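Peer 1: So that we are looking at the same thing, I have put the structure below in structure tokens.
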Amino acid sequence: MFSQNTLLIFFAIFFLHVSTITFASDPDPVQDFCIPHQKLLGSMNASHHHGTPSILPCKNSSEATATDFVFSGTKAAGNFSEDGIAVISASLANFPGLNTLGMSFARADIEVGGINPPHFHPRATELVHVVEGKVYIGFVDSSNRVFARVLEEGEVMVLPRGLVHFMMNVGDKIVTIFGSFNSQNPGMQKIPSAVFGSGIDEELLQKAFGLDSKQIGSMRRKFDPNSK
């Protein structure tokens, strides 16, 4: 039989564990919706924040309009990068209606042969829907096992939170995909940029990847905009 003190300690640890899991995600809303003040969004965008606050103060609900809950920026593709991908994000920064609702959205278009480099979202699981084209997509779990396949139009794949994933257009036309996230601020970290564009000590990179100084320099010039 457990003593009373032992049981109390057990329940304390259990509830601490549960609360840790609960508060690790976006907070639950305490009202129907919370449209943030435009002045706050404007100042946030002007300062180019990489991470947005989990909660922004609401304006009076009587001032909300249908426009606050509609985003029209995903009608067409954005500008393509050197990797051959164009991404338009619907996030709190440009879609006020998402505030406190714990979700966000993105449209990505990938040119033939183009890629979405290995990256991960630290705060969200992603659900990918292929609208048009054919894409090789997958993720790597914590045991380095790869889960990947070619998806075609109409298919959906889930990419677990925090796991590295990737995409490549393997068809003969531009791929269009829609991605939804279970966080209004999923975050994103690209693996190549994080490794070679962040200022990690060169000797460490040489030992970790078996590259010489010239090769490290080449990679840094590619992924670090501040590298000469």
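So you can find residues: chains in the structure tokens are A, B, ... in the order shown, residues in each start at 1, and ligands are numbered from 1 in order.
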Excluding range 218-223 of chain A and any residue of its chain fewer than 4 positions from it, enumerate the residues within 12 Å of it, using only C-alpha atoms, and give them as a list in words.
Peer 2: Glu82, Asp83, Pro117, Lys190, Ile191, Pro192, Ser193, Ala194, Val195, Phe196, Gly197, Ser198, Gly199, Ile200, Asp201, Glu202, Leu205, Gln206, Phe209, Leu211, Asp212, Ser213, Lys214, Ser227 and Lys228 of chain A
Peer 1: Would you give me, as a list in words, the residues in range 82-191 of chain A that DSSP reads as helix (DSSP H, G or I)?
Peer 2: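 Those in range 82-191 of chain A that DSSP calls helix (DSSP H, G or I) are Pro96, Gly97, Leu98 and Ile191 of chain A.
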Peer 1: With N, CA, C and O atoms retained, could you export that selection as a compact mmCIF listing (two decimals), in the first residue's frame?
Peer 2:
```
# COMPACT_ATOMS: atom_id res chain seq x y z
N PRO A 96 -5.59 39.19 -39.08
CA PRO A 96 -5.93 39.45 -37.68
C PRO A 96 -6.89 38.44 -37.06
O PRO A 96 -6.82 38.17 -35.86
N GLY A 97 -7.77 37.86 -37.87
CA GLY A 97 -8.77 36.93 -37.34
C GLY A 97 -8.19 35.68 -36.72
O GLY A 97 -8.89 34.97 -35.99
N LEU A 98 -6.91 35.38 -36.98
CA LEU A 98 -6.28 34.18 -36.42
C LEU A 98 -5.91 34.33 -34.95
O LEU A 98 -5.68 33.33 -34.26
N ILE A 191 17.39 24.02 -42.02
CA ILE A 191 18.60 23.35 -41.53
C ILE A 191 19.88 23.94 -42.15
O ILE A 191 20.82 24.27 -41.41
```
Peer 1: Just the number, please: distance in Å from CA of Phe69 in chain A to CA of Asn116 in chain A, one decimal.
Peer 2: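 If I compute the distance from CA of Phe69 in chain A to CA of Asn116 in chain A, I get 28.6 Å.
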Peer 1: Can you list every residue in range 115-227 of chain A that DSSP puts in strand (DSSP E), as a PyMOL selection string?
Peer 2: chain A and resi 115-120+126-132+135-140+146-151+156-159+164-169+175-181+189-190
Peer 1: What is the distance, in Å and to one decimal place, between CA of Leu127 in chain A and CA of Gly179 in chain A?
Peer 2: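 For CA of Leu127 in chain A relative to CA of Gly179 in chain A, the distance reads 5.5 Å.
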Peer 1: Could you list, as a list of chain:residue names, every residue within 12 Å of Ala66 in chain A, counting only C-alpha atoms and ignoring same-chain residues fewer than 4 positions away?
Peer 2: A:Ile35, A:Ser61, A:Ser62, A:Val70, A:Phe71, A:Phe95, A:Pro96, A:Gly97
Peer 1: In Å, rounded to a single decimal, give me how far CA of Gln184 in chain A is from CA of Glu126 in chain A.
Peer 2: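 Going from CA of Glu126 in chain A over to CA of Gln184 in chain A, I get 11.8 Å.
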Peer 1: Using only C-alpha atoms, which of the listed residues (A:Arg145, A:His37, A:Lys75, A:Arg107) sits closest to Cys58 in chain A?
Peer 2: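 Ranking A:Arg145, A:His37, A:Lys75, A:Arg107 by distance to Cys58 in chain A, first place goes to A:His37.
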Peer 1: I'd like the neighbourhood of Gly113 in chain A as a tab-separated table (two decimals) with N, CA and C atoms, in the first residue's frame, where a residue qualifies if any of its atoms comes within 9 Å (using only C-alpha atoms), though same-chain residues fewer than 6 positions away should be ignored.
Peer 2:
```tsv
chain	number	residue	atom	x	y	z
A	83	ASP	N	15.69	28.57	-54.65
A	83	ASP	CA	15.37	27.15	-54.52
A	83	ASP	C	14.18	26.75	-55.38
A	84	GLY	N	13.52	27.74	-56.00
A	84	GLY	CA	12.39	27.44	-56.85
A	84	GLY	C	11.08	27.32	-56.10
A	168	MET	N	10.08	18.31	-52.84
A	168	MET	CA	10.71	18.54	-54.14
A	168	MET	C	9.69	18.25	-55.24
A	169	ASN	N	9.61	19.16	-56.19
A	169	ASN	CA	8.72	18.98	-57.33
A	169	ASN	C	9.33	17.93	-58.27
A	170	VAL	N	8.64	16.80	-58.42
A	170	VAL	CA	9.14	15.73	-59.29
A	170	VAL	C	8.23	15.54	-60.51
A	171	GLY	N	7.35	16.51	-60.73
A	171	GLY	CA	6.45	16.43	-61.88
A	171	GLY	C	6.93	17.30	-63.03
A	172	ASP	N	6.01	17.55	-63.96
A	172	ASP	CA	6.36	18.33	-65.15
A	172	ASP	C	5.64	19.67	-65.19
```
